[in-house]
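*Asks:* I have a structure here, written as structure tokens, and I will follow up with some questions on it.
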Amino acid sequence: MTRPVISAWSAVSPFGAGSAAFAHGVTAGLRAVAPLGADGGPLPQTHAAPVPDFDARRILGRKGTRSLDRVGALALAALGELLAGAGRVQEIATGERAGLVLGTTLGSAASMMDITRDTLTRELPYFVDAARIPNAVMNSAAAQCAIRHGIRGPNTTVAGGRSAGLLALRYAMRLLAAGRAGAVLCGGAEELTRERSWLEHHAHRGAERPLGEGCALLLVEPPAAPGSPAARRALAEVLAVETRTHVGGPLADATAACLRRALTRGGVTAGELWAVSPSGEAAWERAVDAECARGAGGRRPVRLPDDTAWGDAGAATAAFQIASALAAAEHDPASRGRVAAITSFDREGVLACALLRIHPYGRIHPYGTKARTDDD
Amino acid sequence: MVSDGAGTPPGEADRRVVLTGFGVVSSLGSGVAEFTAGLRAGRSGARPITVFDTEGFAHAVGCEVADFTAERWIKDLPVESLGPATRFAVSAARMAVEDAGLDPAVLRRQHGMICVGTTDGESHDLDGLVATEVAHGPEAMDPVVAGRIGAARLSVAIARELGLSDVEAVTIPTACAAGNYAIGYGYDAVRSGEVDFALCGGADAMCRKTFAGFYRLGTIAPDLCRPFDADRAGILTGEGAGVLVLESLRSALARGARIYAEVLGYGLNCDAYHQVAPDQGSVARAMGLALQDAGIAPHQVDLISAHGTGTRANDVTETRAIRDVFGDDPPRTVAVKSMLGHTMGAAGALSAIACALAITHRFIPPTINHRRTDPECAIDCVPNEAVDADLRVVQNNGLAFGGNNAVVLLGRYDPPGPGTHNPAGPGAYDLTGPGTYDLPGPGATVRARPPSPASEHPS
């Protein structure tokens, strides 16, 4: 394998805490979007997909969780699962040579707005909760992850909304290529809060989607020599991650150009596509259809789940998409050695596409589930 | 084949990355010329804060951007579709492209990166939405403002304004080191040959949320920011944007561009220790990683532009970390935040631009408002007056909330010619592999600094 590999993943999602719940949700075709209860006060949306029964203290313990905000807790929960998976993950994903790259939209809107609200409603404008001030900075969740688990290499937050997980994967690959880290944890996290619900409502009036939340993380490692233990452990090889910016004109032109370049860089044809993770934008579907019709003899790739399953998970979306491909591949022998395309679009104008070649022999001991035992 | 005349092997010009254009929006003025003049004169950007209501705060001085008209620079996008930080970022990007002598129409045919760092993104807009919510309920929030608060917009809007579709637009909200993060990311992308150019930097607009937070932590100075001073009392919040044009040396030489400086390398790490308290050993390690990446020995560094916020915690920790790496006679170490205030996500970018201008124009910007150096900050901070200096290598420190450190090294680029030698060129020194650099750990004995090179003592 000449490209970086994904060797483990974890997720805390509207399907439940843990990668097993996520994999079940994906392969069973579950839909986590449900009507909202009336207990949380007035909200602009009628439906949403929260992580069910998410209790940060129960999952993470009491120590250091008093001032944690929701997005920080979701990220820590996903990271905790990944690092608990096997001794080797703990070894390479912590310490000075381990990096962490976390995708976001704008950090925690609730934490930021809470501070400002306190400045306006309390007796004096600086009577704000000191312990919560760091939460109001957008890199807080990534920093919390590093502090709790001793991840001392590059620690970077990248903003790109629904595409943030792919921007994070691209960043992780550059860190590895430049030798700035020996292994990188990357993904995206988003929280479902009253504040986010109102901001999304006002920003996208008339085009709102039910909101979701959660965090998915991948462990990305440098290219592995064929036949090596690292190659055997790999779940998928990252063939390409391409991004473009939509600055006007038909979006379909941009998606088509993005896909073609990804295929070229990845050295694959549309005929090798096993599955496509949809972005939620018709322009991406058309680009994929056009490429498949051109070269694949009309064979259509498997369509992986999208927002209708887990809600608009914001900056967790692209990471969920990658996790969904890895989860689905495990249950589909036809995936082996073939390629999953992750397509992505964020309304700010970022579009991105990743091509992942699923491990040719299937994975025997997935890191991402509790079934994993360390085979080193 | 382009050669730099200093024994550079073929292909090296593709892998060397230079800075060829700058855009600046700051409290010292906008554009390279005003910024340079302000740095050299040691001007202060401090003034009473007007961008939010300061009633109830005992003191509220900041470094606001005054007399700035975004419409002068933003030609294609409706300005109201952009929050204040994005207006700074887009304006600075326009300036940088113009300063570099680049035609956006040419850039449109190239593959590029746009990378903007920020701390608060459009938090000033969020402040406004909260004020509406408190007064009138969440239903009354302004949809135009709610639609422009995503942090991605800081970089995407630059692409839209310049009409660049074949670019990776990524915002890095890694707090107060974000400007350096962005420069580092652009450096890796250009150096690897993946992109033809990168527009990198940082932007932030002053906001009530962050002012109140720092105020609550007791870190807002009542009048002026006095880094390394025994009587320093904290930061002044600031705002603005800095954008740098990065391209390969080959590209710059081929188009005859003016080269301000070369990016020699950078280092990133995380304290993994505390959200707000920096860790001396880890900060030293970040500097060591940058030196190692650039192939530069500590004694070759002529100047450090410190993170230098003017808080107790930062200045003592940073100074000690510098002495851990550079020994008992460290390079002169200045804090441009004394002039600019703490411009948050823009800080690393504005400081990097200041470093490159210092190299180009052969002077060291001073640390102003200085009265007496804190004995615990044992460095020469070049108090109050700029000095002339022949600088070959300059280090730019950025330390962020969350223990995220980013250190960038810039070097003078000397055009080829008889008798010139560019000590900063990659390959000029033995590049040891990752982890083999002799990094002093916490508590390690500091090494004696080798004899100063001639460039240290300009006449």
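In the structure tokens, chains take letters A, B, ... by order of appearance, with residues numbered from 1 within each chain and ligands from 1 in the order shown.
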Please provide as a compact mmCIF listing (two decimals) with N, CA and C atoms, in the first residue's frame all residues within 7 Å of region 12-21 of chain A, with the sequence filter that same-chain residues fewer than 4 positions apart are discarded (counting only C-alpha atoms).
*Replies:*
# COMPACT_ATOMS: atom_id res chain seq x y z
N GLY A 25 -26.67 0.54 13.13
CA GLY A 25 -27.58 1.50 12.51
C GLY A 25 -27.40 1.57 11.00
N ALA A 32 -32.50 7.41 12.78
CA ALA A 32 -32.47 7.94 14.15
C ALA A 32 -33.23 9.25 14.28
N ALA A 49 -32.09 14.36 15.64
CA ALA A 49 -31.46 13.07 15.91
C ALA A 49 -30.35 13.25 16.94
N PRO A 50 -30.73 13.37 18.21
CA PRO A 50 -29.70 13.49 19.25
C PRO A 50 -29.05 12.14 19.53
N VAL A 51 -27.84 12.18 20.10
CA VAL A 51 -27.24 10.95 20.61
C VAL A 51 -28.09 10.53 21.81
N PRO A 52 -28.68 9.34 21.78
CA PRO A 52 -29.63 8.99 22.84
C PRO A 52 -28.96 8.77 24.18
N LEU A 74 -18.73 14.71 23.56
CA LEU A 74 -18.93 13.77 22.45
C LEU A 74 -17.58 13.36 21.86
N ALA A 77 -15.78 11.06 24.25
CA ALA A 77 -16.38 9.72 24.27
C ALA A 77 -15.92 8.90 23.07
N ALA A 78 -15.90 9.53 21.90
CA ALA A 78 -15.46 8.80 20.70
C ALA A 78 -13.97 8.44 20.82
N GLU A 81 -13.36 5.50 23.23
CA GLU A 81 -13.64 4.19 22.65
C GLU A 81 -12.50 3.73 21.75
N GLY A 212 -28.68 16.53 13.53
CA GLY A 212 -28.10 15.43 14.29
C GLY A 212 -26.86 15.91 15.00
N GLU A 213 -26.12 14.99 15.55
CA GLU A 213 -24.92 15.36 16.29
C GLU A 213 -24.05 14.13 16.48
N GLY A 214 -22.89 14.33 17.08
CA GLY A 214 -22.03 13.22 17.43
C GLY A 214 -20.59 13.47 17.04
N CYS A 215 -19.82 12.42 17.07
CA CYS A 215 -18.41 12.51 16.70
C CYS A 215 -17.96 11.17 16.14
N ALA A 216 -17.23 11.22 15.06
CA ALA A 216 -16.57 10.00 14.56
C ALA A 216 -15.09 10.32 14.39
N TRP A 310 -29.14 9.79 10.08
CA TRP A 310 -28.57 10.32 11.32
C TRP A 310 -28.76 11.83 11.50
N GLY A 368 -12.49 -1.12 15.58
CA GLY A 368 -13.60 -0.26 15.93
C GLY A 368 -14.68 -0.94 16.76
N THR A 369 -14.58 -2.24 16.99
CA THR A 369 -15.59 -2.89 17.80
C THR A 369 -14.91 -3.60 18.95
*Asks:* Restrict the distance test to only C-alpha atoms, flag each residue of chain A within 7 Å of chain B, and return the flagged residues as a VMD selection string.
*Replies:* chain A and resid 105 to 106 113 115 to 117 124 to 128 130 133 to 134 137 to 140 143 146 to 147 150 to 160 198 to 199 202 to 203 243 to 247 348 to 349
*Asks:* Please produce a file of the residues just selected, as a short mmCIF file (atom, residue, chain, number, x, y, z; two decimals), in the first residue's frame, where the atoms kept are C-alpha atoms.
*Replies:*
data_model
loop_
_atom_site.label_atom_id
_atom_site.label_comp_id
_atom_site.auth_asym_id
_atom_site.auth_seq_id
_atom_site.Cartn_x
_atom_site.Cartn_y
_atom_site.Cartn_z
CA THR A 105 -18.35 24.26 12.14
CA LEU A 106 -17.78 26.97 14.72
CA MET A 113 -23.32 32.35 23.39
CA ILE A 115 -20.61 33.66 27.86
CA THR A 116 -22.06 36.60 25.98
CA ARG A 117 -25.47 36.00 27.57
CA LEU A 124 -21.67 43.00 36.04
CA PRO A 125 -20.63 42.12 32.49
CA TYR A 126 -17.60 40.11 33.55
CA PHE A 127 -19.48 37.81 35.92
CA VAL A 128 -18.95 34.86 33.60
CA ALA A 130 -14.28 31.20 34.47
CA ILE A 133 -14.26 30.26 29.22
CA PRO A 134 -11.99 27.84 27.31
CA VAL A 137 -12.80 28.94 21.97
CA MET A 138 -13.22 26.78 18.89
CA ASN A 139 -10.27 24.46 19.52
CA SER A 140 -11.52 23.50 22.97
CA ALA A 143 -7.46 20.45 23.30
CA ALA A 146 -5.15 15.99 23.97
CA ILE A 147 -5.09 16.88 27.64
CA GLY A 150 -1.65 12.90 26.41
CA ILE A 151 -1.70 13.47 22.64
CA ARG A 152 1.33 15.76 22.32
CA GLY A 153 1.87 15.99 18.58
CA PRO A 154 0.15 18.47 16.26
CA ASN A 155 -3.31 19.38 17.52
CA THR A 156 -5.40 21.15 14.93
CA THR A 157 -9.01 22.15 14.53
CA VAL A 158 -10.29 22.65 10.99
CA ALA A 159 -13.57 24.37 10.15
CA GLY A 160 -15.58 23.25 7.17
CA TRP A 198 -31.95 28.50 16.26
CA LEU A 199 -28.87 29.54 14.32
CA HIS A 202 -32.34 31.45 10.79
CA ALA A 203 -29.42 30.71 8.47
CA THR A 243 -11.49 19.57 -2.38
CA ARG A 244 -12.71 22.53 -4.38
CA THR A 245 -14.66 25.66 -3.68
CA HIS A 246 -17.95 26.58 -5.30
CA VAL A 247 -17.68 30.23 -6.26
CA GLU A 348 -20.53 27.65 2.71
CA GLY A 349 -19.19 26.45 -0.65
#
*Asks:* Write out as a list of chain:residue names the set of residues from region 41-187 of chain B that DSSP, computed on the backbone, places in strand (DSSP E).
*Replies:* B:Arg47, B:Pro48, B:Val61, B:Gly62, B:Gly112, B:Met113, B:Ile114, B:Cys115, B:Val116, B:Gly117, B:Val167, B:Glu168, B:Ala169, B:Val170, B:Thr171, B:Ile172
*Asks:* Hey, what does DSSP flag as helix (DSSP H, G or I) within region 120-237 of chain B? Can you give it to me as a ChimeraX atom specification?
*Replies:* /B:123-136,138-140,143-146,153-162,175-191,208-216
*Asks:* If we count only C-alpha atoms, what is near Ala257 (chain B) at a cut-off of 7 Å, once residues fewer than 2 positions away on the same chain are taken out, given as a VMD selection string?
*Replies:* chain B and resid 20 100 252 to 253 255 259
*Asks:* Keeping N, CA, C and O atoms, export the residues of the selection given above as an mmCIF file, in the first residue's frame.
*Replies:*
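So result19.cif came out as:
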data_model
loop_
_atom_site.group_PDB
_atom_site.id
_atom_site.type_symbol
_atom_site.label_atom_id
_atom_site.label_comp_id
_atom_site.auth_asym_id
_atom_site.auth_seq_id
_atom_site.Cartn_x
_atom_site.Cartn_y
_atom_site.Cartn_z
ATOM 1 N N THR B 20 5.810 36.314 -1.015
ATOM 2 C CA THR B 20 5.939 37.334 -2.059
ATOM 3 C C THR B 20 4.873 38.421 -1.997
ATOM 4 O O THR B 20 4.890 39.340 -2.819
ATOM 5 N N ALA B 100 1.601 41.155 -4.155
ATOM 6 C CA ALA B 100 2.463 40.149 -4.786
ATOM 7 C C ALA B 100 2.540 40.335 -6.297
ATOM 8 O O ALA B 100 3.309 39.639 -6.975
ATOM 9 N N ALA B 252 8.362 32.113 -7.926
ATOM 10 C CA ALA B 252 8.659 33.527 -7.656
ATOM 11 C C ALA B 252 9.746 34.044 -8.587
ATOM 12 O O ALA B 252 9.644 35.156 -9.125
ATOM 13 N N LEU B 253 10.796 33.234 -8.789
ATOM 14 C CA LEU B 253 11.883 33.667 -9.673
ATOM 15 C C LEU B 253 11.405 33.758 -11.111
ATOM 16 O O LEU B 253 11.746 34.696 -11.841
ATOM 17 N N ARG B 255 8.540 34.500 -12.265
ATOM 18 C CA ARG B 255 7.723 35.687 -12.583
ATOM 19 C C ARG B 255 8.364 36.974 -12.081
ATOM 20 O O ARG B 255 7.738 38.040 -12.126
ATOM 21 N N ILE B 259 10.758 39.023 -3.345
ATOM 22 C CA ILE B 259 10.724 38.003 -2.298
ATOM 23 C C ILE B 259 11.028 38.682 -0.965
ATOM 24 O O ILE B 259 12.117 39.209 -0.763
#
*Asks:* State, in Å with one decimal place, the distance from CA of Ala354 (chain A) to CA of Val184 (chain A).
*Replies:*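 Atom-to-atom, CA of Ala354 (chain A) and CA of Val184 (chain A) are spaced 16.9 Å apart.
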*Asks:* Between B:Leu236, B:Val32, B:Val243, B:Val79, which one has atoms that come closest to Val61 (chain B), using only C-alpha atoms?
*Replies:*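 Answer, going by the shortest atom-to-atom distance: B:Leu236.
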*Asks:* To one decimal place in Å, what is the distance between CA of Gly21 (chain B) and CA of Val97 (chain B)?
*Replies:*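 These two atoms are separated by 6.3 Å.
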*Asks:* What does the structure give for the distance between CA of Phe22 (chain B) and CA of Val334 (chain B), in Å to one decimal?
*Replies:*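 Taking CA of Phe22 (chain B) as the start and CA of Val334 (chain B) as the end point, the length is 20.7 Å.
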*Asks:* Can you pull out every residue within 10 Å of Cys292 (chain A), counting only C-alpha atoms, but drop anything in the same chain fewer than 6 positions away, and send it as JSON, numbers by chain?
*Replies:* {"A": [269, 270, 271, 272, 273, 286, 298, 299, 300, 301]}
*Asks:* Write the residues you've just listed into a file as a CSV table (one decimal), in the first residue's frame, and include all heavy atoms for each of them.
*Replies:*
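The file below, part.csv, is the result:
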chain,number,residue,atom,x,y,z
A,269,THR,N,-10.7,3.9,-11.6
A,269,THR,CA,-11.8,4.2,-12.5
A,269,THR,C,-13.1,4.1,-11.8
A,269,THR,O,-13.2,3.4,-10.8
A,269,THR,CB,-11.8,3.3,-13.8
A,269,THR,OG1,-12.1,2.0,-13.3
A,269,THR,CG2,-10.5,3.3,-14.5
A,270,ALA,N,-14.1,4.7,-12.4
A,270,ALA,CA,-15.4,4.6,-11.8
A,270,ALA,C,-15.9,3.2,-11.7
A,270,ALA,O,-16.7,2.8,-10.8
A,270,ALA,CB,-16.4,5.5,-12.5
A,271,GLY,N,-15.4,2.3,-12.6
A,271,GLY,CA,-15.8,0.9,-12.5
A,271,GLY,C,-15.4,0.2,-11.3
A,271,GLY,O,-15.9,-0.8,-10.9
A,272,GLU,N,-14.4,0.8,-10.6
A,272,GLU,CA,-13.9,0.1,-9.3
A,272,GLU,C,-14.7,0.6,-8.1
A,272,GLU,O,-14.5,0.1,-7.0
A,272,GLU,CB,-12.5,0.5,-9.1
A,272,GLU,CG,-11.5,-0.2,-10.1
A,272,GLU,CD,-10.1,0.2,-9.9
A,272,GLU,OE1,-9.5,-0.3,-9.0
A,272,GLU,OE2,-9.6,1.1,-10.7
A,273,LEU,N,-15.7,1.5,-8.3
A,273,LEU,CA,-16.5,2.0,-7.2
A,273,LEU,C,-17.4,0.9,-6.7
A,273,LEU,O,-18.2,0.3,-7.4
A,273,LEU,CB,-17.3,3.2,-7.6
A,273,LEU,CG,-16.5,4.5,-7.8
A,273,LEU,CD1,-17.5,5.6,-8.1
A,273,LEU,CD2,-15.7,4.9,-6.6
A,286,ARG,N,-25.3,13.4,-9.6
A,286,ARG,CA,-25.2,13.5,-11.0
A,286,ARG,C,-23.8,13.3,-11.5
A,286,ARG,O,-23.5,12.6,-12.5
A,286,ARG,CB,-25.7,14.8,-11.6
A,286,ARG,CG,-27.3,14.9,-11.5
A,286,ARG,CD,-27.8,16.0,-12.5
A,286,ARG,NE,-27.4,17.4,-12.1
A,286,ARG,CZ,-28.0,18.1,-11.2
A,286,ARG,NH1,-29.1,17.6,-10.6
A,286,ARG,NH2,-27.6,19.3,-10.9
A,298,GLY,N,-22.6,0.6,-16.7
A,298,GLY,CA,-23.9,0.8,-16.1
A,298,GLY,C,-24.0,0.2,-14.7
A,298,GLY,O,-25.1,0.4,-14.1
A,299,ARG,N,-23.0,-0.4,-14.2
A,299,ARG,CA,-23.1,-1.0,-12.8
A,299,ARG,C,-23.2,0.2,-11.8
A,299,ARG,O,-22.3,1.0,-11.8
A,299,ARG,CB,-22.0,-1.9,-12.5
A,299,ARG,CG,-22.1,-2.6,-11.2
A,299,ARG,CD,-21.2,-3.8,-11.1
A,299,ARG,NE,-19.8,-3.4,-11.1
A,299,ARG,CZ,-18.8,-4.2,-10.8
A,299,ARG,NH1,-19.0,-5.4,-10.4
A,299,ARG,NH2,-17.5,-3.8,-10.9
A,300,ARG,N,-24.2,0.2,-11.0
A,300,ARG,CA,-24.3,1.3,-10.0
A,300,ARG,C,-23.7,0.9,-8.7
A,300,ARG,O,-24.0,-0.2,-8.2
A,300,ARG,CB,-25.7,1.7,-9.9
A,300,ARG,CG,-26.3,2.3,-11.1
A,300,ARG,CD,-27.8,2.6,-10.9
A,300,ARG,NE,-28.0,3.6,-9.8
A,300,ARG,CZ,-27.9,4.9,-10.0
A,300,ARG,NH1,-27.6,5.4,-11.2
A,300,ARG,NH2,-28.0,5.8,-9.0
A,301,PRO,N,-22.9,1.7,-8.1
A,301,PRO,CA,-22.4,1.4,-6.8
A,301,PRO,C,-23.5,1.4,-5.7
A,301,PRO,O,-24.5,2.0,-5.9
A,301,PRO,CB,-21.4,2.6,-6.5
A,301,PRO,CG,-21.7,3.6,-7.5
A,301,PRO,CD,-22.4,3.0,-8.6
*Asks:* For Glu318 (chain B), please output as a list in words all residues within 8 Å (counting only C-alpha atoms; exclusion window: fewer than 5 positions along the same chain).
*Replies:*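 Contacts, in chain order: Gln280, Val283, Ala306, His307 and Gly308 of chain B.
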*Asks:* For the selection just defined, write its residues with all heavy atoms to a file, as a PDB file, in the first residue's frame.
*Replies:*
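Okay, out09.pdb is ready:
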ATOM      1  N   GLN B 280       6.226  25.011  29.986  1.00  0.00           N
ATOM      2  CA  GLN B 280       7.556  25.460  29.541  1.00  0.00           C
ATOM      3  C   GLN B 280       8.269  24.418  28.679  1.00  0.00           C
ATOM      4  O   GLN B 280       8.798  24.730  27.616  1.00  0.00           O
ATOM      5  CB  GLN B 280       8.397  25.790  30.772  1.00  0.00           C
ATOM      6  CG  GLN B 280       9.791  26.300  30.459  1.00  0.00           C
ATOM      7  CD  GLN B 280      10.596  26.510  31.729  1.00  0.00           C
ATOM      8  OE1 GLN B 280      10.019  26.687  32.808  1.00  0.00           O
ATOM      9  NE2 GLN B 280      11.908  26.477  31.625  1.00  0.00           N
ATOM     10  N   VAL B 283       6.608  24.120  25.264  1.00  0.00           N
ATOM     11  CA  VAL B 283       6.851  25.293  24.415  1.00  0.00           C
ATOM     12  C   VAL B 283       8.284  25.225  23.853  1.00  0.00           C
ATOM     13  O   VAL B 283       8.515  25.498  22.669  1.00  0.00           O
ATOM     14  CB  VAL B 283       6.611  26.596  25.207  1.00  0.00           C
ATOM     15  CG1 VAL B 283       7.054  27.814  24.400  1.00  0.00           C
ATOM     16  CG2 VAL B 283       5.145  26.724  25.588  1.00  0.00           C
ATOM     17  N   ALA B 306       8.198  37.020  19.797  1.00  0.00           N
ATOM     18  CA  ALA B 306       7.583  36.166  20.812  1.00  0.00           C
ATOM     19  C   ALA B 306       6.071  36.160  20.692  1.00  0.00           C
ATOM     20  O   ALA B 306       5.469  37.067  20.109  1.00  0.00           O
ATOM     21  CB  ALA B 306       7.975  36.671  22.198  1.00  0.00           C
ATOM     22  N   HIS B 307       5.461  35.138  21.291  1.00  0.00           N
ATOM     23  CA  HIS B 307       4.013  35.214  21.465  1.00  0.00           C
ATOM     24  C   HIS B 307       3.728  36.444  22.343  1.00  0.00           C
ATOM     25  O   HIS B 307       2.784  37.180  22.080  1.00  0.00           O
ATOM     26  CB  HIS B 307       3.487  33.913  22.087  1.00  0.00           C
ATOM     27  CG  HIS B 307       2.004  33.842  22.102  1.00  0.00           C
ATOM     28  ND1 HIS B 307       1.249  33.896  20.957  1.00  0.00           N
ATOM     29  CD2 HIS B 307       1.110  33.762  23.122  1.00  0.00           C
ATOM     30  CE1 HIS B 307      -0.038  33.841  21.271  1.00  0.00           C
ATOM     31  NE2 HIS B 307      -0.152  33.761  22.586  1.00  0.00           N
ATOM     32  N   GLY B 308       4.555  36.629  23.395  1.00  0.00           N
ATOM     33  CA  GLY B 308       4.621  37.895  24.130  1.00  0.00           C
ATOM     34  C   GLY B 308       3.332  38.628  24.386  1.00  0.00           C
ATOM     35  O   GLY B 308       3.160  39.757  23.926  1.00  0.00           O
TER      36      GLY B 308
END
*Asks:* I'd like the neighbourhood of Gly37 (chain A) as a list of chain:residue names, where a residue qualifies if any of its atoms comes within 12 Å (using only C-alpha atoms), though same-chain residues fewer than 3 positions away should be ignored.
*Replies:*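 Near neighbours after the sequence-gap exclusion: A:Ala34, A:Gly40, A:Gly41, A:Pro42, A:Leu43, A:Gln45, A:Thr46, A:His47, A:Ala48, A:Ala49, A:Pro50.
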*Asks:* I want to know what sits within 10 Å of Val382 (chain B), based on only C-alpha atoms, with residues of the same chain fewer than 4 positions away left out; could you give that as a PyMOL selection string?
*Replies:* chain B and resi 332-335+364-368+370+386-387
